[in-house]
file data-v3.cif (mmCIF, C-alpha atoms)
data_model
loop_
_atom_site.label_atom_id
_atom_site.label_comp_id
_atom_site.auth_asym_id
_atom_site.auth_seq_id
_atom_site.Cartn_x
_atom_site.Cartn_y
_atom_site.Cartn_z
CA MET A 26 -32.58 -34.62 11.46
CA GLY A 27 -31.31 -32.08 8.93
CA ILE A 28 -28.61 -32.41 6.30
CA ILE A 29 -26.04 -30.68 8.52
CA ASP A 30 -26.87 -33.00 11.44
CA LYS A 31 -26.42 -36.07 9.27
CA TYR A 32 -23.18 -34.71 7.86
CA ILE A 33 -21.66 -33.98 11.30
CA LEU A 34 -22.92 -37.27 12.79
CA LYS A 35 -21.46 -39.23 9.88
CA GLN A 36 -18.10 -37.48 10.24
CA TYR A 37 -18.16 -37.97 14.02
CA LEU A 38 -18.70 -41.74 13.82
CA LYS A 39 -16.55 -42.30 10.74
CA THR A 40 -13.56 -40.45 12.18
CA PHE A 41 -13.85 -42.24 15.53
CA PHE A 42 -13.97 -45.75 14.07
CA GLY A 43 -11.30 -44.77 11.56
CA MET A 44 -9.07 -43.71 14.47
CA ILE A 45 -9.60 -47.09 16.14
CA LEU A 46 -8.82 -48.95 12.91
CA LEU A 47 -5.67 -46.85 12.57
CA PHE A 48 -4.34 -47.21 16.11
CA MET A 49 -5.15 -50.88 16.82
CA PRO A 50 -2.89 -52.31 14.06
CA ILE A 51 -0.13 -50.00 15.28
CA GLY A 52 -0.65 -51.32 18.82
CA ILE A 53 -0.54 -54.91 17.58
CA ILE A 54 2.67 -54.29 15.62
CA VAL A 55 4.35 -52.69 18.66
CA ASP A 56 3.22 -55.54 20.91
CA VAL A 57 4.41 -58.20 18.45
CA SER A 58 7.81 -56.53 18.16
CA GLU A 59 8.17 -56.60 21.95
CA LYS A 60 6.83 -60.12 22.55
CA ILE A 61 7.94 -62.05 19.46
CA ASN A 62 10.94 -63.63 21.20
CA ARG A 63 8.86 -64.91 24.11
CA ILE A 64 6.17 -66.19 21.75
CA LEU A 65 8.77 -68.15 19.81
CA GLU A 66 10.44 -69.41 22.99
CA SER A 67 7.10 -70.60 24.39
CA LYS A 68 6.24 -72.33 21.08
CA VAL A 69 2.68 -71.08 21.25
CA PRO A 70 0.49 -72.40 18.38
CA PHE A 71 -0.35 -69.77 15.77
CA GLU A 72 -4.09 -70.20 16.38
CA GLU A 73 -3.69 -69.24 20.05
CA VAL A 74 -1.60 -66.20 19.11
CA ALA A 75 -4.24 -65.09 16.60
CA VAL A 76 -7.00 -65.44 19.23
CA TYR A 77 -4.83 -63.55 21.73
CA TYR A 78 -4.47 -60.57 19.38
CA LEU A 79 -8.21 -60.58 18.69
CA HIS A 80 -8.82 -60.20 22.42
CA PHE A 81 -5.90 -57.75 22.62
CA THR A 82 -7.71 -55.52 20.10
CA ILE A 83 -11.00 -55.60 22.02
CA TYR A 84 -9.29 -55.10 25.39
CA PHE A 85 -7.25 -52.06 24.36
CA ALA A 86 -9.96 -50.54 22.17
CA ASN A 87 -12.18 -50.52 25.28
CA LEU A 88 -9.35 -49.04 27.34
CA LEU A 89 -8.46 -46.25 24.91
CA PHE A 90 -11.77 -45.43 23.23
CA PRO A 91 -12.51 -42.23 25.26
CA LEU A 92 -9.15 -40.71 24.31
CA LEU A 93 -9.38 -41.88 20.69
CA LEU A 94 -12.86 -40.38 20.48
CA PHE A 95 -11.56 -37.13 21.96
CA LEU A 96 -8.72 -36.84 19.45
CA SER A 97 -10.90 -37.86 16.50
CA THR A 98 -13.50 -35.23 17.44
CA ILE A 99 -10.82 -32.55 17.63
CA TRP A 100 -9.45 -33.72 14.27
CA PHE A 101 -12.61 -33.48 12.20
CA THR A 102 -14.04 -30.43 14.02
CA SER A 103 -10.78 -28.58 13.37
CA LYS A 104 -11.13 -29.46 9.69
CA LEU A 105 -14.63 -27.97 9.72
CA ALA A 106 -13.33 -24.83 11.42
CA ASN A 107 -10.38 -24.43 9.03
CA LYS A 108 -12.73 -24.63 6.06
CA SER A 109 -14.95 -21.98 7.71
CA GLU A 110 -17.86 -24.46 7.69
CA ILE A 111 -18.63 -23.85 11.36
CA ILE A 112 -18.71 -20.09 10.80
CA ALA A 113 -21.17 -20.64 7.93
CA ILE A 114 -23.36 -22.92 10.07
CA LEU A 115 -23.51 -20.49 13.00
CA SER A 116 -24.00 -17.48 10.68
CA SER A 117 -27.10 -19.13 9.25
CA GLY A 118 -28.83 -18.63 12.59
CA ILE A 119 -28.10 -21.98 14.20
CA SER A 120 -27.11 -21.57 17.86
CA PHE A 121 -24.02 -23.23 19.31
CA ASN A 122 -26.23 -25.49 21.46
CA ARG A 123 -28.12 -26.59 18.34
CA PHE A 124 -24.81 -27.13 16.56
CA LEU A 125 -23.83 -29.57 19.34
CA ARG A 126 -26.89 -31.80 18.84
CA PRO A 127 -25.42 -34.23 16.26
CA TYR A 128 -22.30 -34.54 18.40
CA PHE A 129 -24.37 -35.62 21.36
CA ILE A 130 -26.43 -38.01 19.25
CA GLY A 131 -23.16 -39.63 18.16
CA ALA A 132 -21.87 -39.60 21.74
CA THR A 133 -25.05 -41.37 22.89
CA ILE A 134 -24.60 -44.08 20.25
CA ILE A 135 -20.98 -44.67 21.26
CA CYS A 136 -21.81 -44.47 24.98
CA LEU A 137 -24.45 -47.21 24.70
CA PHE A 138 -22.21 -49.31 22.46
CA ALA A 139 -19.27 -48.97 24.89
CA PHE A 140 -21.46 -49.80 27.90
CA VAL A 141 -22.84 -52.99 26.32
CA MET A 142 -19.34 -54.02 25.23
CA GLY A 143 -17.99 -53.26 28.71
CA ILE A 144 -20.45 -55.47 30.57
CA LEU A 145 -20.77 -58.35 28.10
CA VAL A 146 -17.88 -58.66 25.63
CA VAL A 147 -14.83 -57.02 27.20
CA PRO A 148 -14.79 -59.23 30.36
CA LYS A 149 -14.36 -62.36 28.21
CA SER A 150 -11.64 -60.71 26.17
CA SER A 151 -9.94 -59.50 29.36
CA LYS A 152 -9.81 -63.05 30.73
CA SER A 153 -8.34 -64.52 27.54
CA PHE A 154 -5.91 -61.62 27.14
CA ASN A 155 -4.61 -61.74 30.73
CA ASP A 156 -4.47 -65.54 30.97
CA PHE A 157 -2.42 -65.78 27.78
CA ARG A 158 -0.17 -62.88 28.78
CA TYR A 159 0.70 -64.23 32.23
CA GLU A 160 1.07 -67.80 31.01
CA TYR A 161 3.32 -67.16 27.99
CA LEU A 162 4.49 -63.56 27.68
CA THR A 163 5.56 -62.19 31.03
CA ARG A 164 8.02 -63.21 33.68
CA ASN A 165 6.33 -61.05 36.27
CA LYS A 166 3.78 -63.28 38.01
CA THR A 167 2.71 -60.86 40.73
CA ALA A 168 -0.77 -60.46 39.25
CA ARG A 169 -1.23 -64.20 39.68
CA GLU A 170 0.14 -64.26 43.20
CA ASN A 171 -1.68 -63.41 46.43
CA THR A 172 0.14 -62.31 49.58
CA ASN A 173 -1.22 -62.17 53.11
CA VAL A 174 -4.52 -63.79 52.19
CA TYR A 175 -6.89 -63.52 55.16
CA ARG A 176 -10.47 -64.53 54.43
CA GLU A 177 -13.71 -65.45 56.15
CA ILE A 178 -14.81 -68.25 53.86
CA LYS A 179 -17.94 -69.01 55.90
CA PRO A 180 -19.48 -67.51 59.03
CA ASN A 181 -16.96 -68.09 61.87
CA GLU A 182 -14.49 -69.90 59.56
CA PHE A 183 -11.25 -68.10 58.67
CA LEU A 184 -8.13 -68.94 56.71
CA TYR A 185 -4.76 -67.31 56.27
CA VAL A 186 -1.97 -67.89 53.74
CA SER A 187 1.13 -65.69 53.70
CA ASN A 188 1.67 -66.31 49.99
CA PHE A 189 -0.28 -68.24 47.34
CA ASN A 190 0.77 -68.59 43.72
CA PHE A 191 -1.97 -69.07 41.14
CA ASP A 192 0.28 -70.89 38.64
CA SER A 193 2.02 -73.37 40.95
CA LYS A 194 -1.06 -73.67 43.22
CA VAL A 195 1.21 -73.64 46.26
CA GLY A 196 0.81 -71.55 49.42
CA PHE A 197 2.91 -71.04 52.53
CA ASN A 198 2.20 -70.54 56.25
CA PHE A 199 -1.37 -71.79 56.03
CA ALA A 200 -3.80 -71.48 58.95
CA TYR A 201 -7.48 -72.48 59.16
CA GLU A 202 -9.59 -71.56 62.21
CA VAL A 203 -13.16 -72.36 63.23
CA PHE A 204 -14.98 -70.44 65.97
CA ASP A 205 -18.35 -70.87 67.65
CA GLU A 206 -21.06 -68.19 67.79
CA HIS A 207 -19.38 -66.72 70.89
CA ASN A 208 -16.03 -66.32 69.08
CA LYS A 209 -14.48 -69.18 71.00
CA LEU A 210 -11.89 -71.17 69.06
CA LEU A 211 -13.07 -74.71 68.25
CA LYS A 212 -10.47 -75.94 65.79
CA LYS A 213 -7.23 -74.74 64.23
CA ILE A 214 -5.23 -76.34 61.43
CA THR A 215 -1.78 -75.07 60.44
CA ALA A 216 0.75 -76.13 57.82
CA SER A 217 4.02 -74.73 56.52
CA ARG A 218 2.87 -75.39 52.96
CA ILE A 219 -0.42 -76.10 51.19
CA ASN A 220 -0.67 -77.49 47.68
CA TYR A 221 -3.86 -77.72 45.62
CA ASN A 222 -4.24 -80.96 43.65
CA GLU A 223 -6.23 -80.07 40.58
CA LYS A 224 -6.82 -83.69 39.56
CA ASP A 225 -9.03 -84.61 42.52
CA SER A 226 -9.64 -81.15 44.08
CA THR A 227 -7.83 -82.05 47.30
CA TYR A 228 -5.16 -80.21 49.29
CA THR A 229 -1.82 -81.56 50.48
CA LEU A 230 -0.54 -80.03 53.72
CA LYS A 231 3.13 -80.20 54.73
CA HIS A 232 4.02 -80.22 58.46
CA TYR A 233 0.33 -80.57 59.29
CA GLU A 234 -0.83 -79.69 62.80
CA ARG A 235 -4.38 -79.74 64.10
CA ARG A 236 -5.71 -78.53 67.43
CA ASP A 237 -9.24 -79.41 68.57
CA VAL A 238 -10.21 -77.35 71.60
CA GLY A 239 -11.99 -79.40 74.27
CA GLU A 240 -13.83 -78.38 77.40
CA PHE A 241 -11.05 -79.56 79.70
CA GLU A 242 -8.14 -80.36 77.38
CA ASP A 243 -7.16 -79.93 73.76
CA LYS A 244 -6.52 -82.69 71.25
CA LEU A 245 -3.35 -82.22 69.18
CA THR A 246 -2.60 -84.03 65.92
CA SER A 247 0.51 -83.62 63.78
CA ARG A 248 1.83 -85.27 60.62
CA MET A 249 4.60 -84.59 58.14
CA GLN A 250 2.07 -84.67 55.29
CA MET A 251 -1.70 -84.78 55.13
CA ASP A 252 -4.11 -84.98 52.19
CA THR A 253 -7.49 -83.49 52.95
CA ILE A 254 -10.55 -81.73 51.52
CA PHE A 255 -11.76 -78.26 52.47
CA ASP A 256 -15.12 -76.61 51.83
CA PHE A 257 -13.51 -73.65 50.05
CA THR A 258 -12.51 -73.83 46.40
CA PHE A 259 -9.20 -72.91 44.83
CA GLU A 260 -10.73 -69.78 43.25
CA GLU A 261 -11.98 -68.70 46.69
CA LEU A 262 -8.51 -69.17 48.14
CA ALA A 263 -6.59 -67.23 45.51
CA PRO A 264 -8.51 -65.14 42.95
CA VAL A 265 -6.10 -63.37 40.61
CA VAL A 266 -5.87 -59.58 40.77
CA TYR A 267 -7.53 -59.17 37.37
CA LYS A 268 -10.43 -61.47 38.32
CA ALA A 269 -12.88 -58.55 38.51
CA GLU A 270 -12.08 -57.51 34.93
CA THR A 271 -13.17 -60.93 33.65
CA LEU A 272 -16.71 -60.80 35.09
CA SER A 273 -19.90 -59.40 33.63
CA LEU A 274 -21.64 -56.69 35.62
CA TRP A 275 -23.99 -59.13 37.37
CA GLU A 276 -21.20 -61.60 38.16
CA LEU A 277 -19.06 -58.73 39.39
CA ASN A 278 -21.76 -57.54 41.80
CA ASP A 279 -22.00 -61.04 43.32
CA PHE A 280 -18.21 -61.37 43.45
CA ILE A 281 -17.77 -58.02 45.24
CA GLU A 282 -20.43 -58.88 47.80
CA GLN A 283 -18.82 -62.27 48.39
CA GLU A 284 -15.33 -60.78 48.77
CA ARG A 285 -16.61 -58.05 51.09
CA MET A 286 -18.11 -60.69 53.40
CA ARG A 287 -14.81 -62.56 53.36
CA GLY A 288 -12.84 -59.49 54.33
CA ASN A 289 -10.79 -59.25 51.13
CA ALA A 290 -8.50 -56.20 51.32
CA LYS A 291 -8.73 -55.71 47.54
CA VAL A 292 -12.46 -54.90 47.48
CA ASN A 293 -11.69 -51.28 46.54
CA ASN A 294 -9.90 -52.53 43.40
CA TYR A 295 -12.95 -54.54 42.40
CA LEU A 296 -15.30 -51.63 43.08
CA MET A 297 -13.21 -49.39 40.83
CA VAL A 298 -13.57 -51.91 38.00
CA LYS A 299 -17.34 -51.84 38.51
CA TYR A 300 -17.67 -48.06 38.61
CA LYS A 301 -15.47 -47.62 35.54
CA LYS A 302 -18.00 -49.64 33.55
CA PHE A 303 -20.30 -46.63 34.04
CA SER A 304 -17.87 -43.70 34.22
CA ALA A 305 -15.97 -44.51 31.01
CA PRO A 306 -19.07 -44.39 28.74
CA ILE A 307 -20.26 -41.17 30.45
CA SER A 308 -16.86 -39.56 29.83
CA VAL A 309 -17.71 -39.74 26.11
CA PHE A 310 -20.11 -36.78 26.53
CA ILE A 311 -17.65 -34.73 28.57
CA LEU A 312 -14.70 -35.30 26.24
CA THR A 313 -16.87 -34.64 23.19
CA LEU A 314 -18.00 -31.29 24.61
CA ILE A 315 -14.41 -30.30 25.46
CA ALA A 316 -13.18 -31.37 22.02
CA VAL A 317 -15.83 -29.36 20.16
CA SER A 318 -15.34 -26.31 22.37
CA VAL A 319 -11.57 -26.35 21.87
CA SER A 320 -11.52 -27.02 18.14
CA SER A 321 -14.57 -25.13 16.84
CA MET A 322 -12.62 -21.88 16.69
CA LYS A 323 -10.38 -21.15 13.72
CA ARG A 324 -6.91 -20.56 15.14
CA ARG A 325 -3.68 -19.20 13.80
CA GLY A 326 -1.54 -22.32 13.45
CA GLY A 327 -4.47 -24.42 12.28
CA MET A 328 -5.25 -27.97 13.31
CA GLY A 329 -1.86 -28.53 14.93
CA VAL A 330 -2.62 -26.07 17.74
CA ASN A 331 -5.99 -27.71 18.44
CA LEU A 332 -4.40 -31.17 18.51
CA ALA A 333 -1.66 -29.95 20.86
CA ILE A 334 -4.25 -28.51 23.24
CA GLY A 335 -6.30 -31.72 22.96
CA ILE A 336 -3.34 -33.98 23.70
CA ALA A 337 -2.44 -31.87 26.76
CA ILE A 338 -6.02 -32.15 28.06
CA ALA A 339 -6.10 -35.89 27.31
CA PHE A 340 -2.90 -36.55 29.26
CA THR A 341 -4.18 -34.44 32.16
CA PHE A 342 -7.42 -36.46 32.18
CA VAL A 343 -5.46 -39.75 32.29
CA PHE A 344 -3.16 -38.35 34.99
CA PHE A 345 -6.06 -37.45 37.30
CA ASP A 346 -7.73 -40.80 36.65
CA LYS A 347 -4.56 -42.74 37.53
CA VAL A 348 -3.71 -40.64 40.59
CA PHE A 349 -7.13 -40.99 42.21
CA GLY A 350 -7.27 -44.68 41.25
CA THR A 351 -3.94 -45.35 42.94
CA ILE A 352 -5.01 -43.45 46.06
CA SER A 353 -8.18 -45.54 46.33
CA GLU A 354 -6.36 -48.84 45.82
CA SER A 355 -3.83 -48.09 48.56
CA SER A 356 -6.12 -46.46 51.13
CA ASP A 357 -9.72 -46.20 52.36
CA PHE A 358 -10.50 -43.43 49.86
CA SER A 359 -13.91 -44.02 48.27
CA PRO A 360 -13.59 -45.89 44.94
CA MET A 361 -16.70 -44.14 43.62
CA ILE A 362 -15.23 -40.70 44.28
CA ALA A 363 -11.89 -41.80 42.83
CA VAL A 364 -13.48 -43.01 39.60
CA TRP A 365 -15.87 -40.09 39.11
CA THR A 366 -13.55 -37.23 40.16
CA SER A 367 -11.98 -36.91 36.70
CA ASN A 368 -15.42 -36.79 35.06
CA ILE A 369 -16.65 -34.15 37.52
CA LEU A 370 -13.58 -31.91 37.19
CA PHE A 371 -13.47 -32.16 33.42
CA GLY A 372 -17.25 -31.79 33.26
CA ILE A 373 -16.83 -28.39 34.92
CA LEU A 374 -14.03 -27.58 32.47
CA ALA A 375 -16.27 -28.66 29.56
CA VAL A 376 -19.06 -26.26 30.64
CA TYR A 377 -16.55 -23.41 31.01
CA LEU A 378 -15.01 -24.06 27.57
CA MET A 379 -18.45 -24.33 26.00
CA GLN A 380 -19.48 -20.94 27.41
CA LYS A 381 -16.21 -19.47 26.16
CA ALA A 382 -16.71 -21.01 22.70
CA LYS A 383 -20.22 -19.51 22.51
CA ARG A 384 -18.76 -16.06 22.95
#
call {"tool": "encode", "arguments": {"input": "data-v3.cif", "output": "structure tokens"}}
result
Amino acid sequence: MGIIDKYILKQYLKTFFGMILLFMPIGIIVDVSEKINRILESKVPFEEVAVYYLHFTIYFANLLFPLLLFLSTIWFTSKLANKSEIIAILSSGISFNRFLRPYFIGATIICLFAFVMGILVVPKSSKSFNDFRYEYLTRNKTARENTNVYREIKPNEFLYVSNFNFDSKVGFNFAYEVFDEHNKLLKKITASRINYNEKDSTYTLKHYERRDVGEFEDKLTSRMQMDTIFDFTFEELAPVVYKAETLSLWELNDFIEQERMRGNAKVNNYLMVKYKKFSAPISVFILTLIAVSVSSMKRRGGMGVNLAIGIAIAFTFVFFDKVFGTISESSDFSPMIAVWTSNILFGILAVYLMQKAKR
């Protein structure tokens, strides 16, 4: 690796991590200013708040790192262009492809680092961040509430709950059905309300009714209240929406397979979380190529023009990512296509801009 390679690689990594160190404190300050009243009202111990903001930093750094890398690359490459350093490098006989080599070495380092963080560290931070946020900082509990839960918990065993709240551990309009191998109903239990008792892992059913289907007649049992045990766990009954974000890659694969077998309607959401663990690191290469291609030319107006173009591209990238993600979550649109579409479209744009920059 030559002197120029080392110089560009050093600037690439230094500017990126400097951008993170610059933006994360700003993010923390903004978040504190918004949440300080609720933190004080909840009387959360300082130690828990400090741990929350540690996980907040990891969570949002992982979320924003492709865009921060994109802007930081535009920033320092524009500085090189304004000082005519890029012109000098290319005039010395180095091709544009060769000029890109230290950028891609740096992108590979960050890609591997982001991937390892995404499958091992970020899930733990996501769990701590979301648990704290929904317990102390937000009044909107929808992410910890499941509606119209219909699940096959075991072969030929199904349950339904119209609404189940993760915090209160209470569900409504509960039904539990068992069928034989010929899809004939064997048993059905219904209740207007089901409550999970965390102390002894039992369930309390209000307005309990049970129907055992016999060969000639059915047996009916009803009670105002019934304490019982089921084979399914509380987590199986009502996993929170952000559950997938809190799992490592291997745990997530098992969780998705389990939820697919149980007929969970949110499987597409979980698949998107999985695919983003791969697509986000890969986007580092695409955004780096776009950033270099856009900012390697010396423009009238200087760095400001390059940053304006970069910000417009960054917002367009986020827009496409969100649009296709929303479509997949609310329809049968393939999660893999939804996640990778932005990378494919902007990969094509990156190649076009690179060819234009060469000329």
call {"tool": "atom_distance", "arguments": {"input": "data-v3.cif", "atom1": "atom CA of A:Phe101", "atom2": "atom CA of A:Leu88"}}
result
22.0 Å
call {"tool": "closest_residue", "arguments": {"input": "data-v3.cif", "among": "A:Val174, A:Ile114, A:Ala316, A:Val147", "to": "A:Ile29", "atoms": "all atoms listed in the file"}}
result
A:Ile114
call {"tool": "residues_around", "arguments": {"input": "data-v3.cif", "residues": "A:Leu46", "least_positions_apart": "4", "cutoff": "12 Å", "atoms": "all atoms listed in the file", "output": "JSON, numbers by chain"}}
result
{"A": [39, 40, 41, 42, 50, 51, 52, 53, 82, 83, 85, 86, 90, 93, 97]}
call {"tool": "closest_atom_pairs", "arguments": {"input": "data-v3.cif", "of": "stretch 73-163 of chain A", "to": "stretch 270-274 of chain A", "cutoff": "6 Å", "atoms": "all atoms listed in the file", "output": "tab-separated table"}}
result
residue	atom	partner	partner_atom	distance
A:Ile144	CA	A:Ser273	CA	5.0
A:Leu145	CA	A:Ser273	CA	5.7
A:Pro148	CA	A:Thr271	CA	4.0
A:Lys149	CA	A:Thr271	CA	5.7
A:Ser151	CA	A:Thr271	CA	5.6
A:Lys152	CA	A:Thr271	CA	4.9
call {"tool": "write_last_selection", "arguments": {"input": "data-v3.cif", "atoms": "C-alpha atoms", "output": "tab-separated table (two decimals), in the frame of the given file"}}
result
chain	number	residue	atom	x	y	z
A	144	ILE	CA	-20.45	-55.47	30.57
A	145	LEU	CA	-20.77	-58.35	28.10
A	148	PRO	CA	-14.79	-59.23	30.36
A	149	LYS	CA	-14.36	-62.36	28.21
A	151	SER	CA	-9.94	-59.50	29.36
A	152	LYS	CA	-9.81	-63.05	30.73
call {"tool": "resolve_selection", "arguments": {"input": "data-v3.cif", "expression": "the PyMOL selection byres ((chain A and resi 367) around 10)", "output": "short mmCIF file (atom, residue, chain, number, x, y, z; two decimals) with C-alpha atoms, keeping the file's coordinate frame"}}
result
data_model
loop_
_atom_site.label_atom_id
_atom_site.label_comp_id
_atom_site.auth_asym_id
_atom_site.auth_seq_id
_atom_site.Cartn_x
_atom_site.Cartn_y
_atom_site.Cartn_z
CA SER A 304 -17.87 -43.70 34.22
CA SER A 308 -16.86 -39.56 29.83
CA THR A 341 -4.18 -34.44 32.16
CA PHE A 342 -7.42 -36.46 32.18
CA VAL A 343 -5.46 -39.75 32.29
CA PHE A 344 -3.16 -38.35 34.99
CA PHE A 345 -6.06 -37.45 37.30
CA ASP A 346 -7.73 -40.80 36.65
CA LYS A 347 -4.56 -42.74 37.53
CA VAL A 348 -3.71 -40.64 40.59
CA PHE A 349 -7.13 -40.99 42.21
CA ILE A 362 -15.23 -40.70 44.28
CA ALA A 363 -11.89 -41.80 42.83
CA VAL A 364 -13.48 -43.01 39.60
CA TRP A 365 -15.87 -40.09 39.11
CA THR A 366 -13.55 -37.23 40.16
CA ASN A 368 -15.42 -36.79 35.06
CA ILE A 369 -16.65 -34.15 37.52
CA LEU A 370 -13.58 -31.91 37.19
CA PHE A 371 -13.47 -32.16 33.42
CA GLY A 372 -17.25 -31.79 33.26
CA ILE A 373 -16.83 -28.39 34.92
#
call {"tool": "resolve_selection", "arguments": {"input": "data-v3.cif", "expression": "the PyMOL selection byres ((chain A and resi 201) around 6)", "output": "ChimeraX atom specification"}}
result
/A:183-184,200,202,213-214
call {"tool": "atom_distance", "arguments": {"input": "data-v3.cif", "atom1": "atom CA of A:Asn278", "atom2": "atom CA of A:Tyr295"}}
result
9.3 Å
call {"tool": "resolve_selection", "arguments": {"input": "data-v3.cif", "expression": "the PyMOL selection byres ((chain A and resi 210) around 12)", "output": "PyMOL selection string"}}
result
chain A and resi 181-183+201-209+211-214+236-240+243
call {"tool": "atom_distance", "arguments": {"input": "data-v3.cif", "atom1": "atom CA of A:Ser356", "atom2": "atom CA of A:Phe280"}}
result
20.7 Å
call {"tool": "closest_residue", "arguments": {"input": "data-v3.cif", "among": "A:Val309, A:Ile178, A:Val292, A:Ile119", "to": "A:Ile135", "atoms": "all atoms listed in the file"}}
result
A:Val309
call {"tool": "closest_residue", "arguments": {"input": "data-v3.cif", "among": "A:Tyr161, A:Tyr77, A:Phe241, A:Phe48", "to": "A:Leu65", "atoms": "only C-alpha atoms"}}
result
A:Tyr161
call {"tool": "axis_aligned_box", "arguments": {"input": "data-v3.cif", "around": "stretch 314-322 of chain A", "padding_each_side": "8 Å", "output": "AutoDock Vina command-line options"}}
result
--center_x -14.8 --center_y -26.6 --center_z 21.1 --size_x 22.5 --size_y 25.5 --size_z 24.8
call {"tool": "closest_residue", "arguments": {"input": "data-v3.cif", "among": "A:Arg123, A:Lys383, A:Lys35, A:Lys301", "to": "A:Met322", "atoms": "only C-alpha atoms"}}
result
A:Lys383
call {"tool": "closest_residue", "arguments": {"input": "data-v3.cif", "among": "A:Lys268, A:Lys299, A:Lys291, A:Arg176", "to": "A:Ser355", "atoms": "all atoms listed in the file"}}
result
A:Lys291
call {"tool": "residues_around", "arguments": {"input": "data-v3.cif", "residues": "A:Glu282", "least_positions_apart": "5", "cutoff": "12 Å", "atoms": "only C-alpha atoms", "output": "list in words"}}
result
Ala269, Trp275, Glu276, Leu277, Arg287, Gly288, Asn289, Val292, Asn293, Tyr295 and Leu296 of chain A
call {"tool": "residues_near_point", "arguments": {"input": "data-v3.cif", "point": "(-9.8, -83.5, 51.7)", "cutoff": "8 Å", "atoms": "all atoms listed in the file", "output": "JSON, numbers by chain"}}
result
{"A": [226, 227, 228, 252, 253, 254, 255]}
call {"tool": "residues_near_point", "arguments": {"input": "data-v3.cif", "point": "(1.1, -70.7, 48.5)", "cutoff": "10 Å", "atoms": "only C-alpha atoms", "output": "ChimeraX atom specification"}}
result
/A:170-174,186-199,217-221,262-263
call {"tool": "closest_residue", "arguments": {"input": "data-v3.cif", "among": "A:Tyr78, A:Phe71, A:Trp100, A:Tyr128", "to": "A:Ser320", "atoms": "all atoms listed in the file"}}
result
A:Trp100
